[in-house]
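Data block below; observations after.
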Amino acid sequence: MSLQITLLRHGRPDKSLPSHRLHPLSEEGRRQARECRANLGNPKFDLVLHSELLRTRETALDVAGLDESAVTIALPEMFYLDE
């Protein structure tokens, strides 16, 4: 049995909203996530974890090839300072 863990940083955010916590992915960020998926060989993930930020969930879904209805696990951010 082997275990593979893939760690990624979120794609480029759309910074049009006032709070950094609310920034979704920009179109460029979506492209980056899809490109990352292709570069990884279109992998299948058994478990998808991400922070509570919207852009990290969006990146995780795109890289995993999942749609918005997919079940993922949001982990509380331990080291993120509030604004």
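Residues are referred to by chain and number: the chain letter is A, B, ... according to the order shown in the structure tokens, the number counts from 1 in that chain, and ligands are numbered separately from 1 in the order shown.
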Chain A: residues DSSP assigns to alpha helix (DSSP H), reported as an mmCIF file with C-alpha atoms, in the first residue's frame:
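Result file follows (out.cif):
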data_model
loop_
_atom_site.group_PDB
_atom_site.id
_atom_site.type_symbol
_atom_site.label_atom_id
_atom_site.label_comp_id
_atom_site.auth_asym_id
_atom_site.auth_seq_id
_atom_site.Cartn_x
_atom_site.Cartn_y
_atom_site.Cartn_z
ATOM 1 C CA GLU A 27 -10.243 33.325 -14.545
ATOM 2 C CA GLU A 28 -6.422 33.125 -14.552
ATOM 3 C CA GLY A 29 -6.588 31.183 -11.261
ATOM 4 C CA ARG A 30 -9.096 28.744 -12.759
ATOM 5 C CA ARG A 31 -6.805 28.270 -15.764
ATOM 6 C CA GLN A 32 -3.845 27.670 -13.429
ATOM 7 C CA ALA A 33 -5.769 25.007 -11.497
ATOM 8 C CA ARG A 34 -6.873 23.197 -14.669
ATOM 9 C CA GLU A 35 -3.315 23.360 -16.004
ATOM 10 C CA CYS A 36 -2.019 21.947 -12.713
ATOM 11 C CA ARG A 37 -4.487 19.048 -13.010
ATOM 12 C CA ALA A 38 -3.284 18.310 -16.533
ATOM 13 C CA ASN A 39 0.373 18.504 -15.453
ATOM 14 C CA LEU A 54 -13.281 30.081 -1.075
ATOM 15 C CA ARG A 55 -10.351 30.255 -3.503
ATOM 16 C CA THR A 56 -8.702 27.221 -1.910
ATOM 17 C CA ARG A 57 -11.878 25.138 -2.301
ATOM 18 C CA GLU A 58 -12.245 26.303 -5.911
ATOM 19 C CA THR A 59 -8.616 25.399 -6.631
ATOM 20 C CA ALA A 60 -9.002 21.998 -4.943
ATOM 21 C CA LEU A 61 -12.142 21.180 -6.941
ATOM 22 C CA ASP A 62 -10.564 22.185 -10.260
ATOM 23 C CA VAL A 63 -7.339 20.260 -9.606
ATOM 24 C CA ALA A 64 -9.291 17.191 -8.474
#
* strand (DSSP E) per DSSP on the backbone: members of chain A, as a list in words -> Leu49, His50, Ser51, Ile73, Ala74 and Leu75 of chain A
Within 8 Å of Ser26 of chain A, counting only C-alpha atoms, which residues qualify if same-chain residues fewer than 5 places away don't, as a PDB file with all heavy atoms, in the first residue's frame?
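To be explicit, this is the file written out as result.pdb:
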ATOM      1  N   GLY A  11      -4.850  29.030  -6.778  1.00  0.00           N
ATOM      2  CA  GLY A  11      -4.600  29.817  -7.981  1.00  0.00           C
ATOM      3  C   GLY A  11      -4.762  31.307  -7.715  1.00  0.00           C
ATOM      4  O   GLY A  11      -5.150  31.726  -6.618  1.00  0.00           O
ATOM      5  N   ARG A  12      -4.492  32.097  -8.726  1.00  0.00           N
ATOM      6  CA  ARG A  12      -4.566  33.563  -8.605  1.00  0.00           C
ATOM      7  C   ARG A  12      -5.990  34.000  -8.239  1.00  0.00           C
ATOM      8  O   ARG A  12      -6.949  33.654  -8.923  1.00  0.00           O
ATOM      9  CB  ARG A  12      -4.141  34.216  -9.907  1.00  0.00           C
ATOM     10  CG  ARG A  12      -4.037  35.727  -9.834  1.00  0.00           C
ATOM     11  CD  ARG A  12      -3.544  36.322 -11.136  1.00  0.00           C
ATOM     12  NE  ARG A  12      -2.322  35.678 -11.592  1.00  0.00           N
ATOM     13  CZ  ARG A  12      -1.091  36.094 -11.291  1.00  0.00           C
ATOM     14  NH1 ARG A  12      -0.915  37.161 -10.555  1.00  0.00           N
ATOM     15  NH2 ARG A  12      -0.038  35.449 -11.751  1.00  0.00           N
ATOM     16  N   PRO A  13      -6.138  34.778  -7.153  1.00  0.00           N
ATOM     17  CA  PRO A  13      -7.471  35.218  -6.736  1.00  0.00           C
ATOM     18  C   PRO A  13      -7.961  36.445  -7.511  1.00  0.00           C
ATOM     19  O   PRO A  13      -7.170  37.190  -8.077  1.00  0.00           O
ATOM     20  CB  PRO A  13      -7.280  35.560  -5.261  1.00  0.00           C
ATOM     21  CG  PRO A  13      -5.857  35.954  -5.149  1.00  0.00           C
ATOM     22  CD  PRO A  13      -5.114  35.134  -6.179  1.00  0.00           C
ATOM     23  N   ASP A  14      -9.260  36.613  -7.492  1.00  0.00           N
ATOM     24  CA  ASP A  14      -9.904  37.825  -7.993  1.00  0.00           C
ATOM     25  C   ASP A  14     -10.030  38.743  -6.783  1.00  0.00           C
ATOM     26  O   ASP A  14     -10.764  38.443  -5.844  1.00  0.00           O
ATOM     27  CB  ASP A  14     -11.284  37.474  -8.544  1.00  0.00           C
ATOM     28  CG  ASP A  14     -12.102  38.691  -8.934  1.00  0.00           C
ATOM     29  OD1 ASP A  14     -11.661  39.836  -8.694  1.00  0.00           O
ATOM     30  OD2 ASP A  14     -13.207  38.498  -9.467  1.00  0.00           O
TER      31      ASP A  14
END
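Of note, atom CA of Pro43 of chain A and atom CA of His20 of chain A are spaced 29.4 Å apart.
Here atom CA of Glu77 of chain A stands at a distance of 6.8 Å from atom CA of Glu52 of chain A.
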* To do: For Leu3 of chain A, please output as a PyMOL selection string all residues within 12 Å (counting only C-alpha atoms; exclusion window: fewer than 2 positions along the same chain).
  => chain A and resi 1+5-6+45-47
